[in-house]
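Student: You'll find work_21.txt just under this line, and it carries compact mmCIF, C-alpha atoms.
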```txt
# COMPACT_ATOMS: atom_id res chain seq x y z
CA MET A 1 169.42 48.57 91.18
CA LEU A 2 168.99 47.00 94.61
CA SER A 3 166.85 48.96 97.01
CA GLN A 4 167.14 48.06 100.67
CA GLU A 5 163.62 49.26 101.47
CA ARG A 6 162.15 47.23 98.61
CA ILE A 7 164.02 44.08 99.61
CA LYS A 8 162.82 44.47 103.21
CA LEU A 9 159.23 44.82 102.03
CA MET A 10 159.54 41.87 99.63
CA THR A 11 161.06 39.66 102.38
CA LYS A 12 158.24 40.60 104.73
CA MET A 13 155.67 39.79 102.05
CA ALA A 14 157.35 36.49 101.13
CA ALA A 15 157.34 35.45 104.80
CA TYR A 16 153.66 36.36 105.00
CA GLU A 17 152.86 34.35 101.85
CA GLU A 18 154.72 31.33 103.28
CA ASN A 19 153.13 31.37 106.74
CA GLU A 20 149.87 32.93 107.91
CA GLY A 21 149.14 34.42 104.50
CA LYS A 22 148.78 30.99 102.92
CA ALA A 23 145.62 30.19 104.88
CA TYR A 24 144.29 33.72 104.65
CA MET A 25 144.72 33.81 100.87
CA SER A 26 142.67 30.67 100.41
CA ILE A 27 139.96 32.18 102.65
CA GLY A 28 140.16 35.48 100.78
CA SER A 29 139.60 33.80 97.44
CA TYR A 30 135.96 33.11 98.43
CA PHE A 31 133.04 35.48 98.67
CA ARG A 32 131.85 35.74 102.25
CA SER A 33 128.55 33.96 101.56
CA ASP A 34 130.26 31.10 99.67
CA TYR A 35 132.86 30.63 102.40
CA MET A 36 130.33 30.68 105.22
CA GLY A 37 127.99 28.37 103.31
CA MET A 38 130.78 25.86 102.70
CA GLN A 39 131.88 25.83 106.35
CA VAL A 40 128.33 25.52 107.68
CA LEU A 41 127.66 22.66 105.24
CA ARG A 42 130.80 20.84 106.40
CA SER A 43 129.72 21.33 110.00
CA VAL A 44 126.23 19.99 109.26
CA ILE A 45 127.77 16.85 107.72
CA GLY A 46 130.19 16.43 110.65
CA ALA A 47 127.42 17.02 113.21
CA THR A 48 125.18 14.49 111.42
CA PHE A 49 127.85 11.80 111.68
CA ALA A 50 128.49 12.73 115.33
CA TYR A 51 124.77 12.51 116.09
CA LEU A 52 124.58 9.10 114.39
CA ILE A 53 127.50 7.88 116.55
CA VAL A 54 125.83 9.15 119.73
CA CYS A 55 122.53 7.51 118.69
CA GLY A 56 124.37 4.26 117.96
CA LEU A 57 126.03 4.34 121.40
CA TYR A 58 122.69 5.11 123.06
CA VAL A 59 120.92 2.24 121.27
CA TYR A 60 123.69 -0.24 122.12
CA TYR A 61 123.75 0.95 125.75
CA ASN A 62 119.99 0.51 126.14
CA LEU A 63 119.63 -2.44 123.76
CA GLU A 64 117.85 -4.74 126.21
CA THR A 65 115.30 -2.14 127.33
CA LEU A 66 114.67 -0.97 123.78
CA MET A 67 114.13 -4.54 122.55
CA GLN A 68 111.70 -5.22 125.39
CA ASP A 69 109.71 -2.03 124.79
CA ILE A 70 109.84 -2.02 121.00
CA TYR A 71 106.19 -3.09 120.60
CA LYS A 72 104.93 -0.74 123.31
CA THR A 73 106.71 2.30 121.92
CA ASP A 74 104.99 4.76 119.59
CA LEU A 75 107.58 4.79 116.80
CA MET A 76 106.23 8.01 115.26
CA VAL A 77 106.64 9.91 118.53
CA LEU A 78 110.11 8.42 119.02
CA GLY A 79 111.08 9.34 115.44
CA LYS A 80 109.86 12.92 115.93
CA GLN A 81 111.79 13.19 119.19
CA VAL A 82 115.00 11.87 117.59
CA LEU A 83 114.54 14.29 114.68
CA LEU A 84 113.89 17.22 117.03
CA TYR A 85 117.08 16.53 119.00
CA TYR A 86 118.96 16.18 115.72
CA VAL A 87 117.71 19.55 114.46
CA ILE A 88 118.54 21.28 117.76
CA PHE A 89 122.03 19.75 117.86
CA VAL A 90 122.87 20.52 114.23
CA ALA A 91 121.41 24.05 114.45
CA ALA A 92 123.47 24.83 117.58
CA TYR A 93 126.63 23.46 116.00
CA ALA A 94 125.97 25.30 112.72
CA LEU A 95 125.40 28.55 114.63
CA LEU A 96 128.70 28.10 116.49
CA THR A 97 130.42 27.42 113.17
CA TYR A 98 128.86 30.53 111.65
CA ILE A 99 130.06 32.75 114.51
CA ILE A 100 133.60 31.34 114.54
CA TYR A 101 134.07 31.34 110.77
CA SER A 102 132.59 34.80 110.24
CA PHE A 103 135.15 36.06 112.76
CA ARG A 104 137.92 34.17 110.94
CA TYR A 105 136.78 35.49 107.55
CA SER A 106 136.86 39.11 108.68
CA ARG A 107 140.27 38.55 110.29
CA ALA A 108 141.61 37.07 107.05
CA LYS A 109 140.21 39.97 105.04
CA ARG A 110 141.80 42.51 107.40
CA SER A 111 145.13 40.74 107.13
CA LEU A 112 144.93 40.53 103.34
CA LYS A 113 144.10 44.22 103.18
CA ARG A 114 147.44 44.94 104.83
CA TYR A 115 149.15 42.59 102.38
CA TYR A 116 147.58 44.36 99.37
CA ARG A 117 148.68 47.71 100.80
CA HIS A 118 152.24 46.36 100.86
CA LEU A 119 151.81 45.22 97.26
CA LYS A 120 150.77 48.74 96.28
CA GLN A 121 153.78 50.16 98.11
CA LEU A 122 156.01 47.75 96.24
CA ALA A 123 154.47 48.75 92.89
CA ALA A 124 154.99 52.41 93.80
CA MET A 125 158.65 51.72 94.62
CA TYR A 126 159.13 50.11 91.23
CA ASP A 127 157.45 53.08 89.52
CA ILE A 128 159.70 55.56 91.32
CA GLU A 129 162.76 53.53 90.39
CA LYS A 130 161.62 53.32 86.76
CA ASN A 131 161.06 57.10 86.55
CA ASN A 132 164.48 57.78 88.03
CA HIS A 133 166.21 55.85 85.24
CA MET B 134 170.14 39.13 132.44
CA SER B 135 172.14 40.29 129.45
CA SER B 136 173.86 36.90 129.20
CA LEU B 137 170.44 35.21 129.23
CA LEU B 138 169.24 37.53 126.48
CA GLU B 139 172.38 36.80 124.51
CA MET B 140 171.78 33.08 124.96
CA LYS B 141 168.21 33.55 123.74
CA GLU B 142 169.44 35.37 120.65
CA ASN B 143 172.02 32.64 120.01
CA LEU B 144 169.37 29.96 120.38
CA ARG B 145 167.06 31.83 118.03
CA ASN B 146 169.80 32.23 115.47
CA PHE B 147 170.78 28.58 115.82
CA TYR B 148 167.17 27.50 115.31
CA SER B 149 166.59 29.76 112.32
CA ARG B 150 169.84 28.51 110.71
CA ASN B 151 169.05 24.82 111.29
CA GLU B 152 165.25 24.82 111.22
CA VAL B 153 165.23 22.47 108.22
CA TYR B 154 166.94 19.74 110.28
CA LEU B 155 165.66 20.58 113.77
CA LEU B 156 161.93 20.50 112.99
CA PRO B 157 161.92 16.91 111.62
CA ILE B 158 164.07 15.82 114.60
CA PHE B 159 161.59 17.39 117.06
CA LYS B 160 158.68 15.75 115.26
CA CYS B 161 160.41 12.37 115.26
CA VAL B 162 161.32 12.60 118.97
CA LEU B 163 157.78 13.68 119.90
CA ALA B 164 156.25 10.79 117.92
CA VAL B 165 158.63 8.21 119.41
CA VAL B 166 158.14 9.50 122.99
CA THR B 167 154.34 9.64 122.60
CA LEU B 168 154.02 6.14 121.17
CA MET B 169 156.52 4.68 123.65
CA ILE B 170 154.62 6.16 126.62
CA LEU B 171 151.37 4.82 125.13
CA ASN B 172 152.89 1.36 124.79
CA MET B 173 154.35 1.51 128.29
CA ASN B 174 151.00 2.51 129.82
CA LEU B 175 148.66 0.36 127.72
CA GLY B 176 150.72 -2.18 125.79
CA TYR B 177 147.97 -4.81 125.62
CA MET B 178 148.42 -5.50 121.91
CA THR B 179 151.82 -7.16 121.63
CA LYS B 180 151.99 -6.74 117.84
CA ILE B 181 152.24 -2.94 118.08
CA ASN B 182 154.26 -2.97 121.31
CA ASN B 183 157.40 -3.02 119.24
CA SER B 184 160.30 -0.54 119.42
CA LEU B 185 161.25 -1.00 115.78
CA LEU B 186 157.71 -0.21 114.63
CA ILE B 187 157.69 2.91 116.80
CA LEU B 188 161.01 4.02 115.35
CA VAL B 189 159.73 3.54 111.79
CA ILE B 190 156.56 5.51 112.59
CA GLY B 191 158.68 8.19 114.29
CA LEU B 192 160.81 8.54 111.18
CA MET B 193 157.67 8.74 109.03
CA CYS B 194 156.22 11.42 111.34
CA SER B 195 159.37 13.52 110.93
CA PHE B 196 158.29 14.55 107.44
CA LEU B 197 154.52 14.18 107.77
CA PRO B 198 152.22 16.92 109.17
CA THR B 199 152.12 17.11 112.99
CA ASN B 200 148.37 16.51 113.01
CA LEU B 201 148.95 13.01 111.68
CA LEU B 202 150.72 12.08 114.92
CA VAL B 203 147.44 12.65 116.78
CA ILE B 204 145.63 10.26 114.43
CA ILE B 205 148.40 7.62 114.70
CA ALA B 206 148.36 7.90 118.52
CA ALA B 207 144.55 7.56 118.49
CA VAL B 208 144.83 4.42 116.33
CA PHE B 209 147.36 3.00 118.81
CA VAL B 210 144.99 3.63 121.74
CA VAL B 211 142.06 2.04 119.87
CA LEU B 212 144.17 -1.02 118.97
CA HIS B 213 145.32 -1.48 122.58
CA SER B 214 141.68 -1.09 123.70
CA TYR B 215 140.70 -3.73 121.15
CA ALA B 216 143.18 -6.11 122.77
CA VAL B 217 141.38 -5.48 126.09
CA SER B 218 137.90 -5.99 124.62
CA ILE B 219 136.01 -5.09 121.49
CA GLU B 220 133.45 -3.10 123.52
CA CYS B 221 136.25 -1.01 124.97
CA ALA B 222 137.57 -0.34 121.45
CA ILE B 223 134.07 0.70 120.29
CA VAL B 224 133.68 3.22 123.13
CA VAL B 225 137.20 4.62 122.74
CA GLY B 226 136.92 4.73 118.94
CA ALA B 227 133.54 6.50 119.16
CA ALA B 228 134.95 9.02 121.67
CA PHE B 229 137.91 9.81 119.40
CA LEU B 230 135.67 10.01 116.33
CA LEU B 231 133.36 12.46 118.12
CA LEU B 232 136.33 14.60 119.14
CA PHE B 233 137.63 14.50 115.57
CA LEU B 234 134.28 15.37 113.98
CA LEU B 235 133.22 18.10 116.39
CA TYR B 236 136.46 19.70 117.52
CA TYR B 237 139.07 19.15 114.82
CA ARG B 238 137.21 21.51 112.44
CA PHE B 239 137.71 24.49 114.71
CA SER B 240 141.28 24.13 115.95
CA PRO B 241 143.31 21.98 113.56
CA LYS B 242 146.45 23.94 114.53
CA ASP B 243 146.22 23.13 118.24
CA THR B 244 146.19 19.36 117.90
CA LEU B 245 149.63 19.23 119.50
CA VAL B 246 147.96 20.17 122.79
CA VAL B 247 145.96 16.93 122.62
CA VAL B 248 149.27 15.00 122.52
CA LEU B 249 151.18 17.17 124.99
CA LEU B 250 148.52 17.25 127.72
CA PRO B 251 148.53 13.47 128.40
CA LEU B 252 152.36 13.58 128.32
CA CYS B 253 152.35 16.40 130.89
CA PHE B 254 149.91 14.42 133.04
CA GLY B 255 152.54 11.66 133.03
CA LEU B 256 155.17 14.18 134.17
CA LYS B 257 152.78 15.44 136.92
CA ILE B 258 152.74 18.96 135.45
CA PRO B 259 149.48 19.07 133.45
CA PHE B 260 148.76 22.54 134.92
CA VAL B 261 151.33 24.09 132.59
CA ILE B 262 149.21 23.38 129.51
CA PRO B 263 146.15 25.59 130.26
CA ILE B 264 148.51 28.41 131.33
CA ALA B 265 150.73 28.04 128.23
CA VAL B 266 147.73 27.76 125.89
CA GLY B 267 146.15 30.85 127.49
CA LEU B 268 149.42 32.75 127.00
CA LEU B 269 150.18 31.63 123.45
CA CYS B 270 146.82 30.88 121.80
CA GLY B 271 143.27 32.21 121.70
CA PRO B 272 140.21 31.37 123.81
CA ALA B 273 139.02 28.82 121.21
CA SER B 274 142.08 26.73 122.06
CA SER B 275 140.44 25.88 125.39
CA VAL B 276 138.54 23.28 123.33
CA SER B 277 141.88 21.61 122.54
CA VAL B 278 142.71 21.57 126.25
CA VAL B 279 139.33 19.97 126.98
CA CYS B 280 140.00 17.31 124.31
CA GLY B 281 143.45 16.63 125.76
CA VAL B 282 141.92 16.07 129.22
CA ILE B 283 139.32 13.67 127.75
CA VAL B 284 142.03 11.72 125.89
CA TYR B 285 144.14 11.43 129.06
CA TYR B 286 141.24 10.16 131.16
CA VAL B 287 140.24 7.66 128.45
CA ILE B 288 143.80 6.24 128.51
CA HIS B 289 143.89 6.36 132.33
CA TYR B 290 140.55 4.55 132.55
CA ILE B 291 141.64 1.72 130.23
CA LYS B 292 144.93 1.37 132.10
CA THR B 293 143.30 1.11 135.55
CA ASN B 294 140.30 -1.01 134.54
CA ALA B 295 141.72 -3.33 131.89
CA SER B 296 141.93 -6.35 134.18
CA VAL B 297 138.31 -5.87 135.36
CA ILE B 298 137.03 -5.48 131.80
CA MET B 299 138.93 -8.57 130.67
CA SER B 300 137.58 -10.60 133.57
CA LEU B 301 133.95 -9.77 132.71
CA GLU B 302 132.12 -12.61 130.97
CA ALA B 303 132.72 -12.73 127.24
CA ASP B 304 129.08 -13.35 126.30
CA SER B 305 127.70 -10.27 128.13
CA THR B 306 128.85 -7.76 125.53
CA VAL B 307 126.20 -5.16 126.36
CA SER B 308 127.05 -5.19 130.07
CA LYS B 309 130.74 -4.85 129.22
CA PHE B 310 129.92 -1.93 126.95
CA ARG B 311 127.83 -0.35 129.71
CA TYR B 312 130.60 -0.82 132.24
CA VAL B 313 133.14 0.95 130.01
CA LEU B 314 130.81 3.79 129.03
CA ASP B 315 129.58 4.33 132.60
CA GLY B 316 133.13 4.35 133.86
CA LEU B 317 134.15 7.05 131.39
CA LEU B 318 131.07 9.23 131.72
CA ASP B 319 130.88 9.02 135.52
CA SER B 320 134.49 10.13 136.00
CA LYS B 321 134.09 13.09 138.34
CA ALA B 322 137.84 13.69 138.32
CA MET B 323 137.72 14.19 134.55
CA LEU B 324 134.82 16.61 134.87
CA VAL B 325 136.54 18.69 137.55
CA VAL B 326 139.88 18.83 135.68
CA LEU B 327 138.07 19.62 132.43
CA ILE B 328 136.16 22.58 133.94
CA SER B 329 139.21 23.83 135.82
CA PHE B 330 141.53 23.72 132.78
CA CYS B 331 138.94 25.31 130.50
CA ILE B 332 138.32 28.22 132.92
CA THR B 333 142.07 28.63 133.56
CA THR B 334 142.84 28.88 129.83
CA ILE B 335 140.20 31.56 129.30
CA ILE B 336 141.21 33.54 132.42
CA VAL B 337 144.91 33.48 131.46
CA TYR B 338 144.02 34.64 127.93
CA VAL B 339 141.79 37.49 129.16
CA ILE B 340 144.33 38.77 131.71
CA ARG B 341 147.37 38.61 129.42
CA ARG B 342 145.48 40.72 126.87
CA LEU B 343 144.89 43.47 129.44
CA SER B 344 146.80 46.70 129.04
CA VAL B 345 148.40 46.54 132.49
CA ASP B 346 152.06 46.21 133.32
CA HIS B 347 153.26 42.63 133.88
CA ALA B 348 150.01 41.30 132.39
CA TRP B 349 151.65 37.99 131.42
CA THR B 350 153.03 37.34 134.92
CA ILE B 351 149.74 38.31 136.56
CA ALA B 352 147.89 36.05 134.08
CA MET B 353 150.01 32.99 134.84
CA ILE B 354 149.85 33.46 138.63
CA VAL B 355 146.09 34.13 138.68
CA GLY B 356 145.58 31.20 136.27
CA ALA B 357 147.54 28.83 138.50
CA VAL B 358 145.69 30.00 141.63
CA VAL B 359 142.28 29.65 139.94
CA ASP B 360 143.29 26.20 138.74
CA VAL B 361 144.32 25.08 142.22
CA VAL B 362 141.17 26.53 143.83
CA ILE B 363 138.78 24.88 141.34
CA LEU B 364 140.57 21.53 141.62
CA LEU B 365 140.49 21.68 145.44
CA VAL B 366 136.81 22.69 145.52
CA GLY B 367 136.09 19.87 143.05
CA ASP B 368 138.02 17.47 145.26
CA LEU B 369 136.04 18.54 148.34
CA ARG B 370 132.74 18.20 146.47
CA TYR B 371 133.32 14.99 144.50
CA ASP B 372 136.28 13.40 146.30
CA THR B 373 138.40 13.18 143.16
CA GLY B 374 141.48 12.07 145.11
CA ILE B 375 143.79 14.89 144.02
CA SER B 376 146.98 15.16 146.06
CA VAL B 377 147.30 18.70 147.44
CA VAL B 378 151.10 18.54 147.61
CA SER B 379 151.51 17.45 143.98
CA LEU B 380 148.89 20.01 142.95
CA VAL B 381 150.74 22.91 144.61
CA LEU B 382 154.19 21.71 143.51
CA GLY B 383 152.95 21.04 139.97
CA SER B 384 151.41 24.52 139.81
CA LEU B 385 154.65 26.14 141.00
CA VAL B 386 156.66 24.23 138.38
CA SER B 387 154.04 25.23 135.80
CA ILE B 388 154.48 28.91 136.68
CA LEU B 389 158.24 28.45 136.31
CA ILE B 390 157.83 26.86 132.86
CA ALA B 391 155.37 29.60 131.90
CA LYS B 392 157.98 32.20 132.92
CA ILE B 393 160.51 30.49 130.62
CA ILE B 394 157.94 30.59 127.80
CA GLN B 395 157.39 34.28 128.55
CA PHE B 396 161.13 34.93 128.39
CA PHE B 397 161.26 33.50 124.89
CA VAL B 398 157.98 34.91 123.57
CA PHE B 399 157.13 38.11 125.41
CA ASN B 400 160.18 39.63 127.05
CA VAL B 401 159.60 43.35 127.47
CA ASP B 402 160.99 46.15 129.59
CA TYR B 403 158.13 47.82 131.47
CA THR B 404 160.43 50.50 132.91
CA ARG B 405 160.70 52.09 129.46
CA THR B 406 156.96 52.10 128.69
CA GLU B 407 155.86 55.01 126.54
CA PHE B 408 152.40 56.44 126.11
CA VAL B 409 151.80 58.24 122.85
CA GLN B 410 148.70 59.92 121.55
CA PHE B 411 147.92 60.95 117.98
CA GLU B 412 145.08 61.16 115.52
CA ASP B 413 144.24 60.67 111.88
CA ASP B 414 141.10 61.41 109.83
CA GLU B 415 139.11 58.58 111.40
CA TYR B 416 140.49 57.83 114.87
CA TYR B 417 142.21 59.10 117.98
CA TYR B 418 144.97 56.70 119.01
CA TYR B 419 146.04 56.13 122.63
CA VAL B 420 149.07 53.89 122.25
CA LYS B 421 151.03 52.16 124.97
CA ALA B 422 154.38 51.09 123.56
CA ILE B 423 156.55 48.73 125.59
CA PRO B 424 160.05 48.11 124.24
CA LYS B 425 161.33 44.55 123.96
CA ASN B 426 164.32 43.48 126.00
CA THR B 427 167.08 43.05 123.50
CA VAL B 428 170.80 42.81 123.64
CA ALA B 429 173.30 43.55 120.96
CA LYS B 430 175.20 40.47 119.92
CA SER B 431 178.74 40.65 121.24
CA GLN B 432 181.21 41.09 118.44
CA HIS B 433 184.44 39.19 118.80
CA THR B 434 187.18 40.89 116.88
CA ILE B 435 190.56 39.33 116.58
CA LYS B 436 193.35 41.79 116.52
CA LYS B 437 196.56 40.45 115.09
CA ILE B 438 199.68 42.02 116.40
CA THR B 439 202.78 41.14 114.56
CA SER B 440 206.06 42.51 115.55
CA VAL B 441 209.27 42.28 113.70
CA ILE B 442 212.32 42.09 115.85
```
For the file at hand, write its structure as structure tokens.

Tutor:
Amino acid sequence: MLSQERIKLMTKMAAYEENEGKAYMSIGSYFRSDYMGMQVLRSVIGATFAYLIVCGLYVYYNLETLMQDIYKTDLMVLGKQVLLYYVIFVAAYALLTYIIYSFRYSRAKRSLKRYYRHLKQLAAMYDIEKNNH
Amino acid sequence: MSSLLEMKENLRNFYSRNEVYLLPIFKCVLAVVTLMILNMNLGYMTKINNSLLILVIGLMCSFLPTNLLVIIAAVFVVLHSYAVSIECAIVVGAAFLLLFLLYYRFSPKDTLVVVLLPLCFGLKIPFVIPIAVGLLCGPASSVSVVCGVIVYYVIHYIKTNASVIMSLEADSTVSKFRYVLDGLLDSKAMLVVLISFCITTIIVYVIRRLSVDHAWTIAMIVGAVVDVVILLVGDLRYDTGISVVSLVLGSLVSILIAKIIQFFVFNVDYTRTEFVQFEDDEYYYYVKAIPKNTVAKSQHTIKKITSVI
């Protein structure tokens, strides 16, 4: 038999599954450590490419000076400096990613908790209906 | 007021009934308008300055994700820059790639702001975007606003300096590259607008989340005032050439648009605010409940009176 309360709940849940729930469910399917690790790794790759682009722009901008000073420059010191800046940049970006995505993960979990509570309510409604028949 | 509320309900019902058709139309119109404005402002590459091509892309965008429009628009800008000079295209392409790599990861949903902000700059009402973003989105969306400002100033720079860049000697590629990069990085106007819009977005967000009556209205007014003050101080300090009249008028129009957004998104009746207090096993709850302004849909009943003579 049709139950108005059950249909309301099911509609609400279907709307959730179609909209915000879609993203949250994919987040919720990961363990926290796996999810955070994946996001930080993606950020490290993105930041590496961004750093390479910035380095490329810097080299092209200062091409004449760099070509003139190439024999005078201590390449080891320069390499260390470039690496140091890279580590600082990637670490800062990874930290930002960690903060933002840990917040998003806990938000998704909270939201999914509500969704699972609705699922339980729905199961309970079915049980009640079954017992009544 | 009740007729406005009724109109809002009718609009909402109309949209929910026809969402399947309306959303692709909106997407198509947005894509066509964006690309046409780009071609009108830049238009250096004649091959892509073609209405038919824009229409085809617009139709494609109507069923593709909205984010793809941003990428297509970026490709258009890079191609027009390439027609100006290859160095210009390298700088613009690198700038867009950096934005994509560093920002797109965090706010993929707000990419529309990156398209809308340059459009609003064209309409002289860019101030509405930080206020609207602060009202509708979170503080992280200020990054999208920042990206939108950068994109606008990149386009503006190419538009105003294209003839100079083209007239520079073809063999001095490095000096051309330096000229373009210096021009973009030394733009004080961009810096001032960027800081002002970022602060405005965050301020509007913080105030509208406060538990005070009329928080949304206070947020939009304070946001607009802060925006104007920062832009004027920036103008005094760096001589950015901002017109005070257009700034004030634009801000007033922005507040008006923000009020319309509020009417559709957050229309509540503060006179019927209720404060309730209760507890459960874990918490005490101090709840402020503000009822939404709603109106019952008028029912038209047709009464048939038949009389037999």

Student: Which residue gives the smallest distance to Ala108 (chain A) among A:Lys12, A:Lys120, A:Arg6, A:Lys22, with all atoms listed in the file counted?

Tutor: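 Checking each candidate against Ala108 (chain A), we get A:Lys22 as the closest.
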
Student: Between CA of Leu369 (chain B) and CA of Ala357 (chain B), what distance in Å does the model show, to one decimal?

Tutor: 18.3 Å

Student: Only residues of chain B matter here; which ones have an atom within 12 Å of chain A, counting all atoms listed in the file? Give them as a VMD selection string.

Tutor: chain B and resid 220 223 to 240 242 272 to 273 305 to 315

Student: Tell me which protein, DNA and RNA residues are within 8 Å of region 284-288 of chain B, counting all atoms listed in the file, leaving out same-chain ones fewer than 2 positions away, and put them as a PyMOL selection string.

Tutor: chain B and resi 175+210+225+229+247+250-251+254+280-282+290-292+317+323

Student: Please, what distance in Å, to one decimal, runs between CA of Ile7 (chain A) and CA of Tyr115 (chain A)?

Tutor: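 Result for CA of Ile7 (chain A) versus CA of Tyr115 (chain A): 15.2 Å, one decimal.
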
Student: One decimal, Å: what's the distance from CA of Glu152 (chain B) over to CA of Val248 (chain B), could you say?

Tutor: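 About the pair CA of Glu152 (chain B) and CA of Val248 (chain B): they are 21.9 Å apart.
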
Student: Just the residues within 12 Å of Ser344 (chain B), please, counting all atoms listed in the file, with nothing from its chain fewer than 5 positions along; format it as a list in words.

Tutor: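 In the requested format, the answer is Val339, Trp349, Ile351, Ala352, Tyr403, Thr406, Phe408, Tyr419, Val420, Lys421, Ala422 and Ile423 of chain B.
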
Student: Please determine an axis-aligned box that encloses all atoms of region 42-50 of chain A listed in the file, with 5 Å added on each side, and express its centre and edge lengths in Å to one decimal as lines of an AutoDock Vina configuration file.

Tutor:
```
center_x = 128.0
center_y = 16.6
center_z = 110.9
size_x = 15.6
size_y = 19.5
size_z = 18.9
```

Student: From the set B:Thr373, B:Ser320, B:Ser379, B:Thr333, which residue has the shortest atom-to-atom contact distance to Asp360 (chain B), counting all atoms listed in the file?

Tutor: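 Among the listed residues, B:Thr333 lies closest to Asp360 (chain B).
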
Student: Pro259 (chain B): which residues within 12 Å, counting all atoms listed in the file, same-chain residues fewer than 3 positions away excluded, as a PyMOL selection string?

Tutor: chain B and resi 246-256+262-266+278+281-282+285+326-327+329-330+357+360-361+379-388+390

Student: Taking 5 positions as the minimum chain separation for residues in the same chain, which residues sit within 9 Å of Leu245 (chain B) when counting all atoms listed in the file? Answer as an NGL selection string.

Tutor: :B and (199-200 or 202-203 or 250 or 277)

Student: From the options B:Ile375, B:Ile283, B:Val261, B:Leu365, which residue's atoms come nearest to Lys392 (chain B), counting all atoms listed in the file?

Tutor: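 Closest residue, counting all atoms listed in the file: B:Val261.
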
Student: Smallest atom-to-atom distance to Val87 (chain A): which of A:Gly28, A:Tyr16, A:Val44, A:Met10, using all atoms listed in the file?

Tutor: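 Nearest to Val87 (chain A): A:Val44.
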